[in-house]
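Shown here: work13.csv, CSV, C-alpha atoms and all ligand atoms.
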```
chain,number,residue,atom,x,y,z
O,1,MET,CA,-2.5,-9.9,-28.7
O,2,ILE,CA,-6.2,-10.3,-29.0
O,3,ALA,CA,-8.1,-11.0,-32.2
O,4,ASP,CA,-10.4,-8.4,-33.5
O,5,LYS,CA,-13.7,-10.2,-33.2
O,6,ILE,CA,-16.8,-9.8,-31.1
O,7,HIS,CA,-16.5,-11.5,-27.7
O,8,THR,CA,-19.2,-12.2,-25.2
O,9,GLY,CA,-18.7,-12.9,-21.5
O,10,THR,CA,-20.9,-14.4,-18.8
O,11,ILE,CA,-21.2,-11.8,-16.1
O,12,LEU,CA,-22.7,-12.3,-12.7
O,13,GLU,CA,-23.1,-8.7,-11.6
O,14,ILE,CA,-21.9,-5.2,-12.2
O,15,GLN,CA,-21.3,-3.4,-8.9
O,16,ARG,CA,-21.1,0.4,-8.8
O,17,MET,CA,-19.4,2.7,-6.3
O,18,SER,CA,-17.2,-0.1,-5.0
O,19,THR,CA,-14.4,0.9,-2.6
O,20,GLU,CA,-13.1,-2.6,-2.2
O,21,ASP,CA,-11.5,-3.6,-5.5
O,22,GLY,CA,-8.6,-1.2,-6.1
O,23,PRO,CA,-8.0,2.5,-5.7
O,24,GLY,CA,-10.7,5.1,-5.6
O,25,LEU,CA,-14.4,4.6,-6.5
O,26,ARG,CA,-14.8,1.8,-9.0
O,27,THR,CA,-17.2,-0.2,-11.0
O,28,THR,CA,-16.5,-3.9,-10.6
O,29,VAL,CA,-17.6,-6.4,-13.1
O,30,PHE,CA,-17.9,-9.9,-11.7
O,31,PHE,CA,-17.2,-12.6,-14.2
O,32,LYS,CA,-18.8,-16.1,-13.7
O,33,GLY,CA,-16.7,-19.2,-13.4
O,34,CYS,CA,-13.7,-20.2,-11.2
O,35,GLY,CA,-11.3,-23.1,-11.1
O,36,LEU,CA,-10.8,-23.0,-7.3
O,37,ARG,CA,-13.3,-24.2,-4.7
O,38,CYS,CA,-12.2,-22.2,-1.6
O,39,SER,CA,-14.1,-23.6,1.4
O,40,TRP,CA,-14.7,-20.0,2.6
O,41,CYS,CA,-15.8,-18.6,-0.9
O,42,HIS,CA,-17.7,-15.4,-0.5
O,43,ASN,CA,-19.2,-15.5,-4.0
O,44,PRO,CA,-20.6,-19.0,-4.4
O,45,GLU,CA,-22.9,-17.8,-7.1
O,46,SER,CA,-19.8,-17.0,-9.3
O,47,LEU,CA,-18.2,-20.5,-9.2
O,48,GLU,CA,-20.0,-22.0,-12.2
O,49,LYS,CA,-19.7,-20.3,-15.5
O,50,LYS,CA,-23.2,-21.2,-16.6
O,51,PRO,CA,-26.2,-19.1,-15.4
O,52,GLU,CA,-27.8,-20.5,-12.1
O,53,LEU,CA,-31.2,-20.2,-10.6
O,54,GLN,CA,-31.7,-19.0,-7.1
O,55,TRP,CA,-34.8,-19.0,-4.9
O,56,ILE,CA,-35.4,-16.1,-2.4
O,57,GLU,CA,-37.5,-17.6,0.4
O,58,SER,CA,-38.6,-14.3,1.8
O,59,ARG,CA,-40.3,-13.3,-1.4
O,60,CYS,CA,-42.0,-16.6,-2.1
O,61,ILE,CA,-45.8,-16.7,-1.6
O,62,GLY,CA,-46.0,-20.5,-2.1
O,63,CYS,CA,-48.3,-20.3,-5.2
O,64,ARG,CA,-46.4,-23.1,-7.0
O,65,THR,CA,-46.7,-21.5,-10.4
O,66,CYS,CA,-43.1,-22.2,-11.1
O,67,LEU,CA,-43.5,-25.9,-10.8
O,68,GLU,CA,-45.8,-26.0,-13.9
O,69,SER,CA,-43.7,-23.5,-15.9
O,70,CYS,CA,-40.4,-25.5,-15.9
O,71,PRO,CA,-40.1,-27.5,-19.1
O,72,ARG,CA,-37.5,-29.7,-17.5
O,73,GLY,CA,-39.3,-30.6,-14.3
O,74,ALA,CA,-36.4,-29.3,-12.2
O,75,LEU,CA,-38.5,-27.8,-9.4
O,76,THR,CA,-40.3,-29.4,-6.6
O,77,PHE,CA,-42.0,-28.1,-3.5
O,78,SER,CA,-41.0,-29.4,-0.1
O,79,GLU,CA,-41.6,-28.5,3.6
O,80,SER,CA,-38.8,-26.0,3.4
O,81,GLY,CA,-39.9,-24.5,0.1
O,82,ILE,CA,-38.8,-24.7,-3.5
O,83,VAL,CA,-36.1,-27.3,-4.3
O,84,ILE,CA,-34.0,-26.8,-7.4
O,85,ASN,CA,-32.6,-29.9,-9.1
O,86,ARG,CA,-29.3,-28.5,-10.2
O,87,ASP,CA,-28.6,-31.5,-12.5
O,88,THR,CA,-31.7,-30.8,-14.5
O,89,CYS,CA,-32.0,-27.1,-14.4
O,90,ASP,CA,-30.2,-25.3,-17.2
O,91,GLY,CA,-30.9,-21.8,-16.0
O,92,CYS,CA,-33.3,-20.9,-18.9
O,93,GLY,CA,-35.2,-18.6,-16.6
O,94,MET,CA,-38.7,-19.5,-17.7
O,95,CYS,CA,-39.8,-20.2,-14.1
O,96,ALA,CA,-38.5,-16.8,-13.0
O,97,GLY,CA,-40.5,-15.1,-15.8
O,98,GLU,CA,-43.7,-16.7,-14.5
O,99,CYS,CA,-43.1,-16.2,-10.7
O,100,PRO,CA,-45.5,-13.4,-9.6
O,101,SER,CA,-43.3,-12.3,-6.7
O,102,THR,CA,-39.7,-12.3,-8.2
O,103,ALA,CA,-38.7,-15.1,-5.8
O,104,LEU,CA,-36.8,-16.8,-8.6
O,105,GLU,CA,-33.8,-15.2,-10.2
O,106,VAL,CA,-31.2,-16.3,-12.8
O,107,LEU,CA,-27.7,-15.4,-11.8
O,108,GLY,CA,-25.5,-14.7,-14.8
O,109,LYS,CA,-26.1,-13.0,-18.1
O,110,VAL,CA,-24.2,-13.0,-21.4
O,111,TRP,CA,-22.8,-9.6,-22.4
O,112,SER,CA,-21.0,-8.5,-25.5
O,113,VAL,CA,-17.9,-6.4,-24.9
O,114,ASP,CA,-19.5,-3.4,-26.7
O,115,LYS,CA,-22.5,-3.4,-24.4
O,116,LEU,CA,-20.3,-3.9,-21.3
O,117,VAL,CA,-18.1,-0.9,-22.2
O,118,ASP,CA,-21.2,1.2,-22.9
O,119,GLU,CA,-22.6,0.2,-19.5
O,120,VAL,CA,-19.5,1.0,-17.4
O,121,ILE,CA,-18.4,4.2,-19.1
O,122,ARG,CA,-21.7,5.7,-17.8
O,123,ASP,CA,-19.9,5.7,-14.4
O,124,ALA,CA,-16.9,7.5,-15.6
O,125,PRO,CA,-17.9,10.8,-14.0
O,126,TYR,CA,-17.4,9.4,-10.5
O,127,PHE,CA,-14.1,7.6,-11.2
O,128,GLY,CA,-12.2,10.9,-10.7
O,129,ALA,CA,-8.4,10.8,-10.9
O,130,SER,CA,-8.0,7.5,-8.9
O,131,GLY,CA,-11.0,5.3,-9.6
O,132,GLY,CA,-11.9,3.0,-12.6
O,133,VAL,CA,-13.1,-0.4,-13.5
O,134,THR,CA,-12.1,-3.8,-12.0
O,135,ALA,CA,-12.6,-7.2,-13.5
O,136,SER,CA,-13.3,-9.7,-10.7
O,137,GLY,CA,-15.1,-13.0,-10.2
O,138,GLY,CA,-15.1,-15.9,-10.0
O,139,GLU,CA,-11.9,-15.9,-12.0
O,140,ALA,CA,-12.0,-13.2,-14.6
O,141,ALA,CA,-8.9,-14.6,-16.4
O,142,LEU,CA,-10.9,-17.7,-17.3
O,143,GLN,CA,-12.7,-15.4,-19.8
O,144,ALA,CA,-9.4,-13.8,-20.9
O,145,PRO,CA,-10.3,-12.8,-24.5
O,146,VAL,CA,-13.3,-10.9,-23.2
O,147,VAL,CA,-11.5,-9.2,-20.4
O,148,ALA,CA,-8.6,-8.2,-22.6
O,149,GLU,CA,-10.9,-6.7,-25.2
O,150,PHE,CA,-12.9,-5.0,-22.5
O,151,PHE,CA,-9.8,-3.4,-20.9
O,152,ARG,CA,-8.3,-2.4,-24.3
O,153,GLU,CA,-11.5,-0.4,-25.0
O,154,LEU,CA,-11.4,1.2,-21.6
O,155,ASN,CA,-7.7,2.0,-22.0
O,156,ARG,CA,-8.6,3.8,-25.2
O,157,ARG,CA,-11.0,6.0,-23.2
O,158,GLY,CA,-8.4,6.7,-20.5
O,159,ILE,CA,-10.2,4.6,-17.8
O,160,HIS,CA,-8.0,2.9,-15.1
O,161,THR,CA,-8.3,-0.9,-15.2
O,162,ALA,CA,-7.6,-3.5,-12.5
O,163,LEU,CA,-7.6,-7.3,-12.9
O,164,ASP,CA,-8.6,-9.1,-9.7
O,165,THR,CA,-7.2,-12.7,-10.0
O,166,SER,CA,-6.5,-15.8,-8.0
O,167,GLY,CA,-3.8,-16.7,-10.5
O,168,HIS,CA,-5.2,-20.2,-10.9
O,169,CYS,CA,-5.4,-20.1,-14.7
O,170,PRO,CA,-3.2,-20.7,-17.7
O,171,TRP,CA,-0.3,-18.2,-18.1
O,172,LYS,CA,-1.4,-17.4,-21.6
O,173,SER,CA,-4.7,-16.0,-20.2
O,174,LEU,CA,-2.9,-13.6,-17.9
O,175,GLU,CA,-0.5,-12.7,-20.7
O,176,MET,CA,-3.5,-11.8,-22.9
O,177,ILE,CA,-4.9,-9.3,-20.3
O,178,LEU,CA,-1.8,-7.8,-18.7
O,179,PRO,CA,-1.0,-5.3,-21.6
O,180,TYR,CA,-4.3,-3.6,-20.9
O,181,ALA,CA,-4.3,-3.7,-17.0
O,182,ASP,CA,-3.1,-0.7,-15.0
O,183,LEU,CA,-3.2,-2.7,-11.7
O,184,VAL,CA,-3.2,-6.4,-10.8
O,185,LEU,CA,-4.9,-7.5,-7.6
O,186,TYR,CA,-3.4,-11.0,-6.9
O,187,ASP,CA,-4.4,-13.4,-4.1
O,188,ILE,CA,-1.9,-15.4,-2.1
O,189,LYS,CA,-4.2,-17.4,0.3
O,190,GLU,CA,-1.9,-20.0,1.7
O,191,ILE,CA,1.8,-20.7,1.4
O,192,ASP,CA,1.8,-24.4,2.3
O,193,PRO,CA,0.9,-26.3,-1.0
O,194,LEU,CA,-0.8,-29.2,0.9
O,195,LYS,CA,-2.9,-26.8,3.0
O,196,HIS,CA,-3.7,-24.8,-0.1
O,197,ARG,CA,-5.0,-27.9,-1.8
O,198,LYS,CA,-7.1,-28.8,1.3
O,199,PHE,CA,-8.6,-25.3,1.5
O,200,THR,CA,-9.1,-24.5,-2.2
O,201,GLY,CA,-9.1,-27.8,-4.1
O,202,ALA,CA,-5.8,-27.1,-5.8
O,203,GLY,CA,-2.2,-26.6,-4.9
O,204,ASN,CA,-0.5,-23.2,-5.1
O,205,GLU,CA,2.4,-24.1,-7.5
O,206,LEU,CA,0.7,-22.7,-10.6
O,207,ILE,CA,-0.4,-19.6,-8.7
O,208,LEU,CA,3.1,-18.8,-7.4
O,209,GLU,CA,4.6,-19.6,-10.8
O,210,ASN,CA,2.2,-17.3,-12.6
O,211,LEU,CA,2.8,-14.6,-9.9
O,212,THR,CA,6.5,-14.7,-10.6
O,213,ARG,CA,5.8,-14.3,-14.3
O,214,VAL,CA,3.4,-11.4,-13.6
O,215,ALA,CA,6.1,-9.7,-11.6
O,216,GLU,CA,8.7,-10.1,-14.4
O,217,TYR,CA,6.1,-8.8,-16.9
O,218,ILE,CA,5.5,-5.7,-14.7
O,219,ARG,CA,9.3,-5.0,-14.5
O,220,GLU,CA,9.7,-5.2,-18.2
O,221,HIS,CA,6.6,-3.3,-19.4
O,222,VAL,CA,4.8,0.0,-18.9
O,223,LEU,CA,1.5,-1.7,-18.0
O,224,PRO,CA,0.6,-3.0,-15.5
O,225,ARG,CA,2.0,-0.2,-13.3
O,226,GLU,CA,1.7,-2.1,-10.0
O,227,MET,CA,0.5,-5.1,-8.1
O,228,TRP,CA,-1.4,-5.5,-4.9
O,229,ILE,CA,-1.3,-8.8,-3.0
O,230,ARG,CA,-4.3,-9.9,-1.0
O,231,THR,CA,-4.6,-12.6,1.6
O,232,PRO,CA,-7.9,-13.7,3.1
O,233,ILE,CA,-7.7,-14.3,6.8
O,234,ILE,CA,-10.0,-17.2,7.5
O,235,PRO,CA,-10.6,-18.6,11.0
O,236,GLY,CA,-9.2,-22.1,11.4
O,237,ALA,CA,-7.6,-22.0,7.9
O,238,THR,CA,-5.3,-19.2,6.8
O,239,ASP,CA,-5.2,-17.3,10.1
O,240,ARG,CA,-1.9,-18.8,11.2
O,241,ALA,CA,1.3,-16.7,11.9
O,242,ASP,CA,3.4,-19.3,10.0
O,243,ASN,CA,1.2,-18.8,6.9
O,244,ILE,CA,1.5,-15.0,7.1
O,245,THR,CA,5.2,-15.1,7.7
O,246,GLY,CA,5.7,-17.6,4.9
O,247,ILE,CA,3.7,-15.4,2.5
O,248,GLY,CA,5.7,-12.3,3.6
O,249,LEU,CA,9.0,-14.1,3.0
O,250,TRP,CA,7.8,-15.1,-0.5
O,251,ILE,CA,6.7,-11.6,-1.3
O,252,ALA,CA,10.0,-10.2,-0.1
O,253,GLY,CA,12.0,-12.7,-2.1
O,254,ASN,CA,10.1,-12.4,-5.4
O,255,LEU,CA,8.1,-9.2,-5.6
O,256,ASP,CA,10.4,-6.6,-4.3
O,257,GLY,CA,9.6,-3.2,-5.9
O,258,VAL,CA,6.6,-4.6,-7.7
O,259,ALA,CA,4.1,-5.3,-5.0
O,260,THR,CA,3.0,-1.9,-3.6
O,261,ARG,CA,0.4,-3.1,-1.2
O,262,TRP,CA,-0.3,-6.3,0.8
O,263,GLU,CA,-3.7,-6.5,2.3
O,264,LEU,CA,-4.7,-9.0,5.0
O,265,CYS,CA,-8.5,-9.2,4.5
O,266,ALA,CA,-10.4,-10.2,7.6
O,267,PHE,CA,-13.1,-12.9,7.3
O,268,ASN,CA,-16.7,-11.9,7.3
O,269,ASN,CA,-19.9,-14.0,7.1
O,270,LEU,CA,-22.1,-11.6,5.0
O,271,CYS,CA,-22.5,-14.3,2.3
O,272,ARG,CA,-24.5,-16.7,4.5
O,273,ASP,CA,-27.7,-15.8,2.6
O,274,LYS,CA,-26.1,-16.4,-0.8
O,275,TYR,CA,-25.5,-20.0,0.2
O,276,ARG,CA,-29.0,-20.4,1.5
O,277,ARG,CA,-30.5,-19.1,-1.7
O,278,LEU,CA,-28.5,-21.5,-3.8
O,279,GLY,CA,-29.4,-24.4,-1.5
O,280,LYS,CA,-25.8,-25.0,-0.6
O,281,GLU,CA,-24.1,-25.7,2.7
O,282,TRP,CA,-21.4,-23.3,4.0
O,283,ILE,CA,-19.1,-24.7,6.6
O,284,PHE,CA,-18.2,-21.2,7.9
O,285,GLY,CA,-21.9,-20.2,8.5
O,286,GLY,CA,-21.4,-20.4,12.2
O,287,SER,CA,-18.0,-18.8,12.4
O,288,ARG,CA,-17.5,-15.6,14.2
O,289,LEU,CA,-15.6,-12.5,13.0
O,290,MET,CA,-11.9,-12.4,13.8
O,291,SER,CA,-10.9,-10.8,17.0
O,292,ARG,CA,-9.0,-7.5,17.0
O,293,GLN,CA,-6.2,-9.2,18.9
O,294,THR,CA,-5.8,-11.9,16.2
O,295,LEU,CA,-5.8,-9.4,13.4
O,296,ASP,CA,-3.2,-7.2,15.2
O,297,GLU,CA,-1.0,-10.3,15.8
O,298,LEU,CA,-1.2,-11.3,12.2
O,299,THR,CA,-0.5,-7.8,11.0
O,300,ALA,CA,2.6,-7.7,13.2
O,301,ALA,CA,3.7,-11.1,11.8
O,302,ALA,CA,3.3,-9.7,8.3
O,303,LYS,CA,5.3,-6.5,9.1
O,304,SER,CA,8.2,-8.5,10.6
O,305,SER,CA,8.3,-11.1,7.7
O,306,GLY,CA,10.8,-9.2,5.6
O,307,VAL,CA,8.5,-7.1,3.4
O,308,ASP,CA,8.5,-3.3,3.4
O,309,GLN,CA,6.3,-2.6,6.5
O,310,ASP,CA,4.7,0.3,4.7
O,311,ILE,CA,2.9,-1.9,2.2
O,312,VAL,CA,1.1,-4.0,4.9
O,313,PHE,CA,-2.6,-3.2,5.6
O,314,CYS,CA,-5.2,-5.1,7.5
O,315,THR,CA,-8.7,-4.6,6.2
O,316,GLY,CA,-12.1,-5.9,7.3
O,317,THR,CA,-14.3,-6.0,10.4
O,318,ALA,CA,-13.2,-7.3,13.8
O,319,GLY,CA,-15.6,-9.2,16.1
O,320,ILE,CA,-18.3,-7.2,18.0
O,321,GLN,CA,-16.5,-7.7,21.3
O,322,ASP,CA,-13.7,-5.4,20.1
O,323,ALA,CA,-15.0,-3.8,16.9
O,324,ALA,CA,-13.2,-0.5,17.4
O,325,VAL,CA,-11.5,0.6,14.2
O,326,GLY,CA,-7.8,-0.2,14.4
O,327,ALA,CA,-5.1,2.4,14.2
O,328,GLY,CA,-4.6,3.5,10.7
O,329,GLN,CA,-7.7,1.6,9.5
O,330,SER,CA,-10.4,3.6,7.8
O,331,ARG,CA,-14.2,3.2,8.0
O,332,ARG,CA,-14.0,2.3,4.4
O,333,ASP,CA,-11.7,-0.6,5.1
O,334,LYS,CA,-14.1,-2.1,7.6
O,335,LYS,CA,-16.6,-3.0,4.8
O,336,ARG,CA,-14.1,-5.0,2.8
O,337,THR,CA,-14.8,-8.6,1.8
O,338,PRO,CA,-12.0,-11.0,1.7
O,339,PRO,CA,-10.9,-12.2,-1.8
O,340,CYS,CA,-12.4,-15.6,-2.6
O,401,LIG,S1,-43.8,-19.1,-8.5
O,401,LIG,FE1,-42.5,-17.8,-7.2
O,401,LIG,S2,-43.9,-17.3,-5.5
O,401,LIG,FE2,-44.8,-19.0,-6.5
O,401,LIG,S3,-44.0,-20.9,-5.4
O,401,LIG,FE3,-42.7,-20.5,-7.2
O,401,LIG,S4,-41.0,-19.2,-6.4
O,401,LIG,FE4,-42.7,-19.1,-4.9
O,402,LIG,S1,-34.4,-22.0,-14.9
O,402,LIG,FE1,-35.5,-23.2,-16.5
O,402,LIG,S2,-34.8,-25.3,-16.2
O,402,LIG,FE2,-34.2,-24.2,-14.3
O,402,LIG,S3,-36.0,-24.5,-13.0
O,402,LIG,FE3,-36.4,-22.6,-14.1
O,402,LIG,S4,-37.6,-23.2,-15.8
O,402,LIG,FE4,-36.7,-25.1,-15.0
```
What is this structure when it is put down as structure tokens?
Amino acid sequence: MIADKIHTGTILEIQRMSTEDGPGLRTTVFFKGCGLRCSWCHNPESLEKKPELQWIESRCIGCRTCLESCPRGALTFSESGIVINRDTCDGCGMCAGECPSTALEVLGKVWSVDKLVDEVIRDAPYFGASGGVTASGGEAALQAPVVAEFFRELNRRGIHTALDTSGHCPWKSLEMILPYADLVLYDIKEIDPLKHRKFTGAGNELILENLTRVAEYIREHVLPREMWIRTPIIPGATDRADNITGIGLWIAGNLDGVATRWELCAFNNLCRDKYRRLGKEWIFGGSRLMSRQTLDELTAAAKSSGVDQDIVFCTGTAGIQDAAVGAGQSRRDKKRTPPC
């Protein structure tokens, strides 16, 4: 149960008309903060819970006004532009307020649940019978009291709710949210615990244990009604047949009748600019999109792994050399971003 008090959450972004985060047209709320550090992360601006400053090079006119406006002396000007000292910057946004060309932006804002509900129910007319609201991140479950209260209010208004989670969080956080979630989107990125630790900074033991408990919870309760599993297909990391087969075996053995969809989400490199703006390196910056052949082979491995073949879907964009839309794959699927 959640206590009846006003909660506030740190939100990175509210994305409307999303087709990537559950069924139908959705409004997705991205919560800031995550306990994993996936080397391929597509939302680097959501990793830290605190608000973060970003510099947008293409908008900067080089006036240097921001240097004077920072009370903490966190900004310097170099040959390659504005440099943000992340140890000193607290995300106060004073520099962004003074910048004449909106080249500085603070990512992350504190919202009360009431205001968040008011904001998203404006979109209710386009949800239709199948759409709704998804809480994503970062890791939304790390702000569990906020998400639970948010979902409870949406439930009261008859709006479909989906929790998008990595599962890397305390069980009690998930337990707080599940009574108000219609759908759980749960990532299994890598079945080998050592490789999982190498790729994400943490083993997968807690994630699989929590997933088993979520499945039990779904079997015993009215809500959530179902679960979708998502696996990011990352070149040189998770894109191995043994990984997909191992995940499929695990799903077949533990989630039978509960997991109604398993998505293999193809890598894309659309987030390169995000890293640049935050002044961070991204080791996948030069990686190409997956080939259609690789995606087809991994889909075949998933379908022969022991799960119900009908729940397996491959989503995302294949490389330009063979970018034809695969059989049974919609244009909508081609825009999907892999889970972080
Ligand atoms: S104030 Fe804005 S435009 Fe001027 S140097 Fe700083 S970031 Fe660039
Ligand atoms: S956000 Fe605040 S602390 Fe950070 S650089 Fe701008 S003015 Fe300085």
Could you build a table of the residues in chain O lying no more than 8 Å from ligand LIG 401 (chain O), giving for each the nearest pair of atoms and their separation in Å rounded to one decimal place, using all atoms listed in the file, ordered by chain and ascending residue number, as a tab-separated table?
```
residue	atom	partner	partner_atom	distance
O:Trp55	CA	O:LIG401	S4	6.4
O:Ile56	CA	O:LIG401	S4	7.5
O:Glu57	CA	O:LIG401	FE4	7.6
O:Arg59	CA	O:LIG401	S2	6.8
O:Cys60	CA	O:LIG401	FE4	3.8
O:Ile61	CA	O:LIG401	S2	4.4
O:Gly62	CA	O:LIG401	S3	3.9
O:Cys63	CA	O:LIG401	FE2	4.0
O:Arg64	CA	O:LIG401	S3	3.6
O:Thr65	CA	O:LIG401	S1	4.2
O:Cys66	CA	O:LIG401	S1	4.1
O:Leu67	CA	O:LIG401	FE3	6.5
O:Phe77	CA	O:LIG401	S3	7.7
O:Gly81	CA	O:LIG401	S3	7.7
O:Ile82	CA	O:LIG401	S4	6.6
O:Cys95	CA	O:LIG401	S1	7.0
O:Ala96	CA	O:LIG401	FE1	7.1
O:Glu98	CA	O:LIG401	S1	6.5
O:Cys99	CA	O:LIG401	S1	3.7
O:Pro100	CA	O:LIG401	FE1	5.8
O:Ser101	CA	O:LIG401	S2	5.2
O:Thr102	CA	O:LIG401	FE1	6.3
O:Ala103	CA	O:LIG401	S4	4.7
O:Leu104	CA	O:LIG401	S4	5.3
```
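Proximal residues of ligand LIG 402 (chain O) are Leu53, Cys70, Pro71, Arg72, Ala74, Leu75, Cys89, Asp90, Gly91, Cys92, Gly93, Met94 and Cys95 of chain O, by a cut-off of 6 Å on all atoms listed in the file.
The space separating atom CA of Ala144 of chain O from atom CA of Ile191 of chain O comes to 25.9 Å.
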Applying 9 Å and only C-alpha atoms, which residues near segment 161-178 of chain O remain after dropping the ones on its own chain fewer than 5 positions away? List them as JSON, numbers by chain. {"O": [1, 2, 21, 22, 34, 35, 36, 131, 132, 133, 134, 135, 136, 137, 138, 139, 140, 141, 142, 143, 144, 145, 147, 148, 149, 151, 152, 154, 155, 183, 184, 185, 186, 187, 188, 189, 202, 204, 206, 207, 208, 209, 210, 211, 213, 214, 217, 218, 223, 224, 339, 340]}
Separation of atom CA of Gly24 of chain O from atom CA of Ser130 of chain O, in Å and rounded to one decimal: 4.9 Å
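Here atom CA of Leu25 of chain O and atom CA of Val120 of chain O stand 12.6 Å from one another.
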Show me, as a PyMOL selection string, the residues that have an atom within 7 Å of Gln15 of chain O when counting only C-alpha atoms, minus same-chain residues fewer than 5 positions from it. chain O and resi 27-29
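Using only C-alpha atoms, the shortest contact distance between Gln293 of chain O and any of O:Leu278, O:Ala318, O:Thr200, O:Gly246 is found at O:Ala318.
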When you count only C-alpha atoms, which of these residues is closest to Arg276 of chain O: O:Gly9, O:Gly316, O:Ser58, O:Arg16? O:Ser58
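Summary of the local environment: counting all atoms listed in the file, residues at most 10 Å from Gly279 of chain O, other than itself and those fewer than 5 positions away along its chain, are Gln54, Trp55, Ile82, Val83, Ile84, Asn85, Arg86, Asp273 and Lys274 of chain O.
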Restricted to C-alpha atoms, what would the selected residues look like written as a PDB file, keeping the file's coordinate frame?
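Final output, saved to selection_19.pdb:
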```
ATOM      1  CA  GLN O  54     -31.700 -19.000  -7.100  1.00  0.00           C
ATOM      2  CA  TRP O  55     -34.800 -19.000  -4.900  1.00  0.00           C
ATOM      3  CA  ILE O  82     -38.800 -24.700  -3.500  1.00  0.00           C
ATOM      4  CA  VAL O  83     -36.100 -27.300  -4.300  1.00  0.00           C
ATOM      5  CA  ILE O  84     -34.000 -26.800  -7.400  1.00  0.00           C
ATOM      6  CA  ASN O  85     -32.600 -29.900  -9.100  1.00  0.00           C
ATOM      7  CA  ARG O  86     -29.300 -28.500 -10.200  1.00  0.00           C
ATOM      8  CA  ASP O 273     -27.700 -15.800   2.600  1.00  0.00           C
ATOM      9  CA  LYS O 274     -26.100 -16.400  -0.800  1.00  0.00           C
TER      10      LYS O 274
END
```
Can you check which parts of segment 34-111 of chain O lie within 12 Å of segment 252-269 of chain O? Per residue, the shortest pair of atoms and distance in Å to one decimal, counting only C-alpha atoms, sorted by chain and number, as a tab-separated table.
```
residue	atom	partner	partner_atom	distance
O:Trp40	CA	O:Phe267	CA	8.7
O:Cys41	CA	O:Asn269	CA	10.1
O:His42	CA	O:Asn269	CA	8.0
O:Asn43	CA	O:Asn269	CA	11.2
```
For segment 63-76 of chain O, supply N, CA and C atoms and format the output as a PDB file, keeping the file's coordinate frame.
```pdb
ATOM      1  N   CYS O  63     -47.230 -20.070  -4.257  1.00  0.00           N
ATOM      2  CA  CYS O  63     -48.300 -20.300  -5.200  1.00  0.00           C
ATOM      3  C   CYS O  63     -48.046 -21.525  -6.130  1.00  0.00           C
ATOM      4  N   ARG O  64     -46.809 -21.948  -6.227  1.00  0.00           N
ATOM      5  CA  ARG O  64     -46.400 -23.100  -7.000  1.00  0.00           C
ATOM      6  C   ARG O  64     -46.513 -22.946  -8.533  1.00  0.00           C
ATOM      7  N   THR O  65     -46.683 -21.738  -8.991  1.00  0.00           N
ATOM      8  CA  THR O  65     -46.700 -21.500 -10.400  1.00  0.00           C
ATOM      9  C   THR O  65     -45.490 -21.973 -11.136  1.00  0.00           C
ATOM     10  N   CYS O  66     -44.362 -21.819 -10.478  1.00  0.00           N
ATOM     11  CA  CYS O  66     -43.100 -22.200 -11.100  1.00  0.00           C
ATOM     12  C   CYS O  66     -42.977 -23.665 -11.413  1.00  0.00           C
ATOM     13  N   LEU O  67     -43.622 -24.491 -10.592  1.00  0.00           N
ATOM     14  CA  LEU O  67     -43.500 -25.900 -10.800  1.00  0.00           C
ATOM     15  C   LEU O  67     -44.039 -26.302 -12.200  1.00  0.00           C
ATOM     16  N   GLU O  68     -45.131 -25.664 -12.592  1.00  0.00           N
ATOM     17  CA  GLU O  68     -45.800 -26.000 -13.900  1.00  0.00           C
ATOM     18  C   GLU O  68     -44.984 -25.341 -15.041  1.00  0.00           C
ATOM     19  N   SER O  69     -44.299 -24.254 -14.771  1.00  0.00           N
ATOM     20  CA  SER O  69     -43.700 -23.500 -15.900  1.00  0.00           C
ATOM     21  C   SER O  69     -42.321 -24.066 -16.300  1.00  0.00           C
ATOM     22  N   CYS O  70     -41.748 -24.952 -15.511  1.00  0.00           N
ATOM     23  CA  CYS O  70     -40.400 -25.500 -15.900  1.00  0.00           C
ATOM     24  C   CYS O  70     -40.550 -26.625 -16.883  1.00  0.00           C
ATOM     25  N   PRO O  71     -39.990 -26.462 -18.071  1.00  0.00           N
ATOM     26  CA  PRO O  71     -40.100 -27.500 -19.100  1.00  0.00           C
ATOM     27  C   PRO O  71     -39.265 -28.742 -18.752  1.00  0.00           C
ATOM     28  N   ARG O  72     -38.375 -28.623 -17.796  1.00  0.00           N
ATOM     29  CA  ARG O  72     -37.500 -29.700 -17.500  1.00  0.00           C
ATOM     30  C   ARG O  72     -37.863 -30.440 -16.161  1.00  0.00           C
ATOM     31  N   GLY O  73     -38.907 -29.968 -15.539  1.00  0.00           N
ATOM     32  CA  GLY O  73     -39.300 -30.600 -14.300  1.00  0.00           C
ATOM     33  C   GLY O  73     -38.285 -30.493 -13.187  1.00  0.00           C
ATOM     34  N   ALA O  74     -37.573 -29.378 -13.169  1.00  0.00           N
ATOM     35  CA  ALA O  74     -36.400 -29.300 -12.200  1.00  0.00           C
ATOM     36  C   ALA O  74     -36.834 -28.736 -10.862  1.00  0.00           C
ATOM     37  N   LEU O  75     -38.110 -28.345 -10.700  1.00  0.00           N
ATOM     38  CA  LEU O  75     -38.500 -27.800  -9.400  1.00  0.00           C
ATOM     39  C   LEU O  75     -39.514 -28.648  -8.699  1.00  0.00           C
ATOM     40  N   THR O  76     -39.340 -28.753  -7.399  1.00  0.00           N
ATOM     41  CA  THR O  76     -40.300 -29.400  -6.600  1.00  0.00           C
ATOM     42  C   THR O  76     -40.586 -28.557  -5.341  1.00  0.00           C
TER      43      THR O  76
END
```
